[in-house]
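Trainee: Before anything else, here's the structure in question.
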Amino acid sequence: MKYFQLAAALLTFSSVAFSAPVQREISSGWQFRQARLTNWYPATVPGVVHTDLLANKLIDDPFFRLNERGLQWIDKEDWIYQTYFSVSREELAQANLRLRFYGLDNYADVYLNGEKLLAADNMFREWTVDVKGKVRQDSNLLHIYFHSPIKVDVPKFDALPYQYRTGPDQSENGGIFDKRVSIFARKAGYQYGWDWGPRFVTTGIWRPVALEAWSGARIESVHVRQQEVSRSKATITVNVEALADADLPNVRLVVRDKSTGKTCGAAKLNLRQGLNLASVDFSIKNPKLWWSNGLGEPNLYTFEVELAAAAAALDAREVTTGLRSLRVVSKPDEHGEALYFELNGVKVFAKGANYIPQDNFLPRVTAEQYEKTVLDAVNANMNTLRVWGGGVYERNLFYELCDRHGIMVWQDFMFACSLYPSEGAFLENIRQEAIDNVKRLRNHPSIALWCGNNEVYYFWTLWNFDEYYRNQSPEYEKIIWKQYVDLFDGVLPDVVAAYSPGTFYLPSSPYNKNKDEEHNGDRHYWGVWHGSAPTTEFNTVRSRFFSEYGFQSFPEFESVKRFAPDSADWSITSEVMMAHQRAGAYANPRIAEYLQREYKQPKRFEDFLYMSQVLQGDAIKTAIEAHRRDMPYCMGTLFWQHNDCWPVASWASRDYYGRWKAQHYFARDAFRDILVSPIIEGQRLSLFVVSDRLTPAEGSLHLRVMKLDGAPVAELRKPVTAPANASSRVLSLDLDSLLKGAPRSEALVAVQLTDKAGKTYRNRYFLTPQKDVDFPAVSIARSVKPVQGGFEVSLTSDKLARAVFLSLSEGGGFFEDNYFDILPGQTVRVQIKTPLAEADFNRQLRITSFRDAY
């Protein structure tokens with residue numbers, strides 16, 4: 001994975017006075033050792049110490065069974081990384097030589113040929129060091145001493161007369177008792193453990209190291225600022241930072257459209273030694289706009305930015321962006337304060353999920369995994385991902401994929417669920433961190449907003465952290481609140497305004513100034529799950545924008561067997577399964593409690609895993625439908641969470657291995673451009689049609705009420721028109737008249753909307769809690785035929801088959817659809833991508849329905 005682009009391919013030059021800047025990774029020959037020991041081992045850069053220890057077979061798989069417990073010693077040790085590198089004659093001849101560190105995790109002293117160059121203390125920052133005159137042609141020793149973050153930060157904890165309230169910092173699991181030190185280091189908070197993740201506090205060179213060589217001038221940064229964008233015209237200013245090593249007159253700055261070669265604009269400059277700011281203004285008529293997934297094409301433009309003197313090109317950059325007007329609207333209305341996205345003049349209902357880091361050891365996440373993770377959002381009809389504040393500012397690839405596929409990004413700064421000592425040098429460190437990342441990400445059209453933190457304001461106001469400190473000491477309360485205000489109402493919004501003007505800044509999430517979560521701003525709703533409220537509460541709780549809510553489930557059995565292959569571990573209360581549940585001792589029993597209260601009692605361990613996924617999927621489906629029915633009052637629904645960082649029971653809709661849970665399949669259908677949604681309102685059955693389309697959608701509605709064996713109870717057909725970008729109630733029927741005496745527990749509502757183009761939208765609805773439904777035993781006939789890339793399975797059931805789950809006994813393969821209902825007499829066809837031969841596929845294929853599991 002390349003973290004930077006080389007500009008040399010864009011340059012032509014004829015003078016030896018100036019040469020194309022060169023940037024190359026220093027990635028080979030690295031070795032590492034424990035600082036207090038003497039044995040050296042090969043290291044991978046980028047990487048972290050845990051993966052290097054694993055690669056050298058010095059530790060076992062950290063995610064396997066209970067291995068996490070035995071690896072907590074690693075973060076108490078200091079570690080040394082080093083390599084030797086050469087510098088070519090051409091590089092040595094350049095006027096400027098720099099080392100650039102794209103990510104050092106975390107407290108790191110950097111030495112070159114025995115001379116200390118840098119003391120780094122923030123994993124989120126980039127660091128550059130001038131090494132001109134400090135390097136030789138051969139055998140340059142680059143030596144990095146990483147201090148234990150625990151040993152550095154425990155004294156800070158001990159020195160304070162008060163403690164900072166923190167999120168799920170699992171200090172006890174790390175063997176340091178109640179010393180929750182995560183807030184003292186500018187590191188990813190989730191490394192210290194979270195309620196879905198283990199405690200692995202990493203150390204290492206987690207992003208590349210590069211040598212930069214140049215003479216004359218180089219482009220330090222480019223900002224394609226979109227002053228005004230409409231369908232008819234885009235007005236653009238390209239702002240460039242150019243660093244010159246001497247005064248350079250008559251320099252030309254040129255911006256071209258790469259696809260056409262056309263010059264968009266140019267400027268003549270007289271560069272002064274040092275950092276220069278320059279700009280080029282231009283406009284594009286009838287631009288191809290960038291649209292979010294489902295609304296249009298995410299069109300992209302690539303601009304070539306070249307800095308040239310009379311005799312030679314000095315430097316060049318390519319910047320790919322999308323032209324769009326993307327606003328976050330936060331304004332008072334008759335209900336309270338609205339919050340919604342507006343893209344190219346269109347109000348957009350945000351459909352998506354919260355995204356966390358994909359692994360505890362981020363350098364090992366591959367480009368293929370990034371692509372699958374983003375495409376799994378796209379293919380589930382999402383248009384938004386929220387990059388949560390307890391992780392990292394993601395690598396460029398993630399945002400490039402979001403740009404390419406029309407995923408809007410709600411971007412948190414990296415602060416979550418904690419209060420921080422944000423003053424003095426620590427606050428300045430954060431300011432530089434914010435500048436680095438806002439500048440790095442500002443050209444991505446996917447960036448919709450920057451948010452100061454996750455839940456810190458919420459904890460202070462609604463969880464009464466203010467009272468907690470006031471009761472300890474009013475002085476402590478004033479200190480900590482000032483630190484909050486200086487950071488989240490001062491430094492961070494100032495950085496966004498200065499370096500990405502026009503981008504919306506939200507101080508915190510959720511953010512409700514008057515504690516009214518229903519009528520103002522965004523909401524994190526956890527009454528269902530944390531509050532043990534029934535899942536039907538999702539139908540009645542309201543918000544202008546749901547930025548968090550969720551429900552837990554286990555991974556499927558084939559995933560569990562990868563980290564717990566021993567059958568002795570196959571119980572939800574086993575030591576291993578409890579260790580792979582980080583929400584606390586209550587959480588696995590909470591799933592069991594919900595199943596017993598709302599569903600059925602599973603027969604076996606694997607049935608429990610399966611039924612937990614169906615329960616989770618139904619819960620989130622209920623929430624999504626309720627939120628979409630409530631538009632335009634509600635204009636966003638982002639469930640917690642899209643992915644996992646290790647194999648665990650969690651709120652994720654995809655497990656660590658990338659397998660879709662029932663929730664992801666259910667969310668895909670609930671997020672389609674048109675939703676047909678039945679709901680009981682009082683004694684009536686209402687039917688809503690929700691459309692994201694920008695023009696009215698005409699179609700034919702078919703509603704059936706049937707018994708579970710297929711016997712018809714009632715049927716209705718009706719033409720309907722769904723208004724553009726709206727929710728509308730198209731039916732309201734007296735329920736008793738509709739049922740004609742049939743018991744609610746024996747009936748099912750099935751609805752289908754077919755639009756003018758023949759596209760169908762289906763849904764089903766039970767009229768009573770599923771615990772009270774006597775699901776029939778079913779006979780499912782199957783047939784299999786080979787298709788390109790796998791097989792097509794056809795399934796027909798004699799009665800209602802609820803939540804039919806297809807799996808392969810040895811894992812592998814992707815199921816186009818899963819956990820689906822088969823109506824009586826209906827045939828469902830599902831394609832499976834798998835490399836298996838037909839005989840092996842038929843042998844491994846398992847078919848489970850809800851009735852089989854209890």
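Each chain in the structure tokens gets a letter, A, B and so on, in the order shown; residues start at 1 in every chain, and ligands are counted from 1 in the order they appear.
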Name the residues of range 439-572 of chain A that fall into strand (DSSP E) according to DSSP on the backbone, using the chain letters and numbers of this document, as number ranges by chain.
Mentor: A: 447-451, 504-506, 522-524, 545-548
Trainee: Can I get the selected residues back with C-alpha atoms, as a compact mmCIF listing (two decimals), in the first residue's frame?
Mentor:
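Saved as part_16.txt:
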```
# COMPACT_ATOMS: atom_id res chain seq x y z
CA ILE A 447 -15.92 14.11 3.93
CA ALA A 448 -19.26 15.53 5.06
CA LEU A 449 -18.33 16.87 8.47
CA TRP A 450 -15.78 16.90 11.25
CA CYS A 451 -17.02 16.07 14.73
CA PHE A 504 -19.20 21.70 8.95
CA TYR A 505 -17.93 21.17 12.49
CA LEU A 506 -20.07 19.50 15.15
CA ASP A 522 -28.32 13.81 16.79
CA ARG A 523 -28.96 11.05 19.29
CA HIS A 524 -27.25 7.93 20.60
CA PHE A 545 -30.78 12.06 13.41
CA PHE A 546 -29.88 8.71 14.99
CA SER A 547 -26.07 8.58 14.92
CA GLU A 548 -25.86 5.50 17.18
```
Trainee: Env of Arg764 in chain A: 12 Å cut, atoms = only C-alpha atoms, seq-sep filter 4 positions within chain, self excluded. Answer as a ChimeraX atom specification.
Mentor: /A:618,621-622,666,669-670,675-679,687,702-706,708,747-753,800,802-803,820-823
Trainee: Would you kindly return, as a list in words, each protein, DNA or RNA residue with an atom no farther than 6 Å from any atom of range 286-289 of chain A, considering only C-alpha atoms and excluding same-chain residues fewer than 5 positions away?
Mentor: Arg231, Ser232, Lys233, Asn299, Leu323 and Arg324 of chain A
Trainee: With a cut-off of 9 Å, could you pull out the residues of range 371-410 of chain A touching range 623-641 of chain A and give me the nearest pair of atoms for each, distance in Å to one decimal, using only C-alpha atoms, ordered by chain and ascending number, as a tab-separated table?
Mentor:
```
residue	atom	partner	partner_atom	distance
A:Thr384	CA	A:Leu638	CA	7.7
A:Leu385	CA	A:Leu638	CA	7.5
A:Arg386	CA	A:Leu638	CA	7.6
```
Trainee: Just the residues within 7 Å of range 73-78 of chain A, please, counting only C-alpha atoms, with nothing from its chain fewer than 5 positions along; format it as a PDB file with C-alpha atoms, in the first residue's frame.
Mentor:
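To be explicit, this is the file written out as around-v6.pdb:
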```pdb
ATOM      1  CA  GLN A  34      13.161  -5.893  23.350  1.00  0.00           C
ATOM      2  CA  ALA A  35      15.196  -2.962  24.687  1.00  0.00           C
ATOM      3  CA  PHE A 146       9.959   3.146  21.548  1.00  0.00           C
ATOM      4  CA  HIS A 147       9.179   3.803  25.194  1.00  0.00           C
ATOM      5  CA  SER A 148       6.448   1.797  26.875  1.00  0.00           C
ATOM      6  CA  PRO A 149       3.317   3.979  26.846  1.00  0.00           C
ATOM      7  CA  ILE A 150       2.321   2.467  30.154  1.00  0.00           C
ATOM      8  CA  LYS A 151       5.608   3.310  31.852  1.00  0.00           C
ATOM      9  CA  VAL A 201      -1.646  -1.367  23.442  1.00  0.00           C
ATOM     10  CA  THR A 202       0.583  -1.436  20.392  1.00  0.00           C
TER      11      THR A 202
END
```
Trainee: So what do you get for CA of Ser422 in chain A versus CA of Gly584 in chain A, distance-wise?
Mentor: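 So the answer is 29.7 Å.
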Trainee: Using only C-alpha atoms, which residues of range 271-377 of chain A come within 12 Å of range 390-411 of chain A, and what is the closest atom pair for each, with the distance in Å to one decimal? Give it as a Markdown table, sorted by chain and residue number.
Mentor:
```
| residue | atom | partner | partner_atom | distance |
| --- | --- | --- | --- | --- |
| A:Leu289 | CA | A:Gly406 | CA | 11.1 |
| A:Trp290 | CA | A:Gly406 | CA | 7.5 |
| A:Trp291 | CA | A:Gly406 | CA | 6.0 |
| A:Ser292 | CA | A:Gly406 | CA | 4.1 |
| A:Asn293 | CA | A:Gly406 | CA | 4.5 |
| A:Gly294 | CA | A:Gly406 | CA | 8.2 |
| A:Leu295 | CA | A:Gly406 | CA | 8.9 |
| A:Gly296 | CA | A:Gly406 | CA | 8.5 |
| A:Glu297 | CA | A:Gly406 | CA | 7.4 |
| A:Pro298 | CA | A:Gly406 | CA | 5.1 |
| A:Asn299 | CA | A:Arg404 | CA | 7.8 |
| A:Leu300 | CA | A:Arg404 | CA | 7.5 |
| A:Tyr301 | CA | A:Arg404 | CA | 10.8 |
| A:Val319 | CA | A:Glu400 | CA | 11.1 |
| A:Thr320 | CA | A:Glu400 | CA | 8.7 |
| A:Thr321 | CA | A:Asp403 | CA | 7.7 |
| A:Gly322 | CA | A:Asp403 | CA | 7.4 |
| A:Leu323 | CA | A:Asp403 | CA | 10.8 |
| A:Arg324 | CA | A:Gly406 | CA | 11.4 |
| A:Leu326 | CA | A:Met408 | CA | 9.4 |
| A:Arg327 | CA | A:Met408 | CA | 11.3 |
| A:Val328 | CA | A:Trp410 | CA | 10.3 |
| A:Tyr340 | CA | A:Trp410 | CA | 11.7 |
| A:Phe341 | CA | A:Met408 | CA | 9.5 |
| A:Glu342 | CA | A:Met408 | CA | 11.2 |
| A:Leu343 | CA | A:Met408 | CA | 9.9 |
| A:Val348 | CA | A:Met408 | CA | 10.5 |
| A:Phe349 | CA | A:Met408 | CA | 11.3 |
| A:Ala350 | CA | A:Met408 | CA | 8.5 |
| A:Lys351 | CA | A:Met408 | CA | 9.7 |
| A:Gly352 | CA | A:Ile407 | CA | 9.0 |
| A:Ala353 | CA | A:Trp410 | CA | 10.0 |
| A:Asn354 | CA | A:Trp410 | CA | 8.9 |
| A:Tyr355 | CA | A:Gly391 | CA | 9.1 |
| A:Ile356 | CA | A:Gly391 | CA | 6.2 |
| A:Pro357 | CA | A:Gly391 | CA | 5.8 |
| A:Gln358 | CA | A:Gly391 | CA | 9.6 |
| A:Asp359 | CA | A:Gly391 | CA | 10.2 |
| A:Asn360 | CA | A:Gly391 | CA | 9.7 |
| A:Phe361 | CA | A:Gly391 | CA | 11.7 |
| A:Leu362 | CA | A:Val392 | CA | 9.5 |
| A:Pro363 | CA | A:Arg395 | CA | 10.0 |
| A:Val365 | CA | A:Arg395 | CA | 10.6 |
| A:Thr366 | CA | A:Leu397 | CA | 10.3 |
| A:Ala367 | CA | A:Leu397 | CA | 7.6 |
| A:Glu368 | CA | A:Leu397 | CA | 10.5 |
| A:Gln369 | CA | A:Phe398 | CA | 10.1 |
| A:Tyr370 | CA | A:Phe398 | CA | 6.4 |
| A:Glu371 | CA | A:Leu401 | CA | 6.8 |
| A:Lys372 | CA | A:Leu401 | CA | 9.9 |
| A:Thr373 | CA | A:Phe398 | CA | 9.1 |
| A:Val374 | CA | A:Leu401 | CA | 6.7 |
| A:Leu375 | CA | A:His405 | CA | 7.8 |
| A:Asp376 | CA | A:His405 | CA | 10.9 |
| A:Ala377 | CA | A:Ile407 | CA | 8.2 |
```
Trainee: Report as CSV: every residue of range 64-111 of chain A with an atom at most 12 Å from range 558-564 of chain A, its closest pair of atoms, and their distance in Å to one decimal, counting only C-alpha atoms, with rows sorted by chain and ascending residue number.
Mentor:
```
residue,atom,partner,partner_atom,distance
A:Phe64,CA,A:Phe563,CA,4.7
A:Arg65,CA,A:Phe563,CA,5.6
A:Leu66,CA,A:Phe563,CA,9.2
A:Asn67,CA,A:Phe563,CA,10.1
A:Glu68,CA,A:Phe563,CA,11.7
```
Trainee: Could you write out that same residue set with all heavy atoms as a CSV table (one decimal), in the first residue's frame?
Mentor:
```
chain,number,residue,atom,x,y,z
A,64,PHE,N,-6.7,-15.9,19.5
A,64,PHE,CA,-7.1,-17.3,19.8
A,64,PHE,C,-7.4,-17.5,21.2
A,64,PHE,O,-6.6,-17.2,22.1
A,64,PHE,CB,-6.0,-18.3,19.3
A,64,PHE,CG,-6.4,-19.7,19.3
A,64,PHE,CD1,-7.2,-20.2,18.3
A,64,PHE,CD2,-5.9,-20.6,20.3
A,64,PHE,CE1,-7.6,-21.5,18.3
A,64,PHE,CE2,-6.2,-21.9,20.3
A,64,PHE,CZ,-7.1,-22.4,19.3
A,65,ARG,N,-8.5,-18.1,21.5
A,65,ARG,CA,-9.0,-18.5,22.8
A,65,ARG,C,-8.7,-17.4,23.8
A,65,ARG,O,-9.2,-16.3,23.7
A,65,ARG,CB,-8.5,-19.8,23.2
A,65,ARG,CG,-8.9,-21.0,22.3
A,65,ARG,CD,-8.5,-22.3,22.9
A,65,ARG,NE,-9.5,-22.7,24.0
A,65,ARG,CZ,-9.2,-22.8,25.2
A,65,ARG,NH1,-8.0,-22.7,25.7
A,65,ARG,NH2,-10.1,-23.2,26.1
A,66,LEU,N,-7.9,-17.7,24.8
A,66,LEU,CA,-7.6,-16.7,25.9
A,66,LEU,C,-6.2,-16.1,25.8
A,66,LEU,O,-5.6,-15.6,26.8
A,66,LEU,CB,-7.7,-17.5,27.2
A,66,LEU,CG,-9.0,-18.1,27.5
A,66,LEU,CD1,-9.0,-18.9,28.8
A,66,LEU,CD2,-10.2,-17.1,27.6
A,67,ASN,N,-5.6,-16.2,24.6
A,67,ASN,CA,-4.2,-15.7,24.5
A,67,ASN,C,-4.0,-14.3,24.8
A,67,ASN,O,-2.9,-13.9,25.2
A,67,ASN,CB,-3.7,-16.0,23.0
A,67,ASN,CG,-3.4,-17.4,22.8
A,67,ASN,OD1,-3.5,-18.3,23.7
A,67,ASN,ND2,-3.2,-17.8,21.5
A,68,GLU,N,-5.0,-13.4,24.6
A,68,GLU,CA,-4.9,-12.0,25.0
A,68,GLU,C,-4.3,-11.8,26.4
A,68,GLU,O,-3.5,-10.9,26.6
A,68,GLU,CB,-6.2,-11.3,24.9
A,68,GLU,CG,-6.2,-9.9,25.3
A,68,GLU,CD,-7.6,-9.4,25.7
A,68,GLU,OE1,-8.6,-10.2,25.6
A,68,GLU,OE2,-7.7,-8.2,26.0
```
Trainee: Would you please work out which residue, of A:Ala837, A:Leu253, A:Lys258, A:Tyr499, is nearest to Ala278 in chain A when using only C-alpha atoms?
Mentor: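 So, comparing all the options, the nearest one is A:Leu253.
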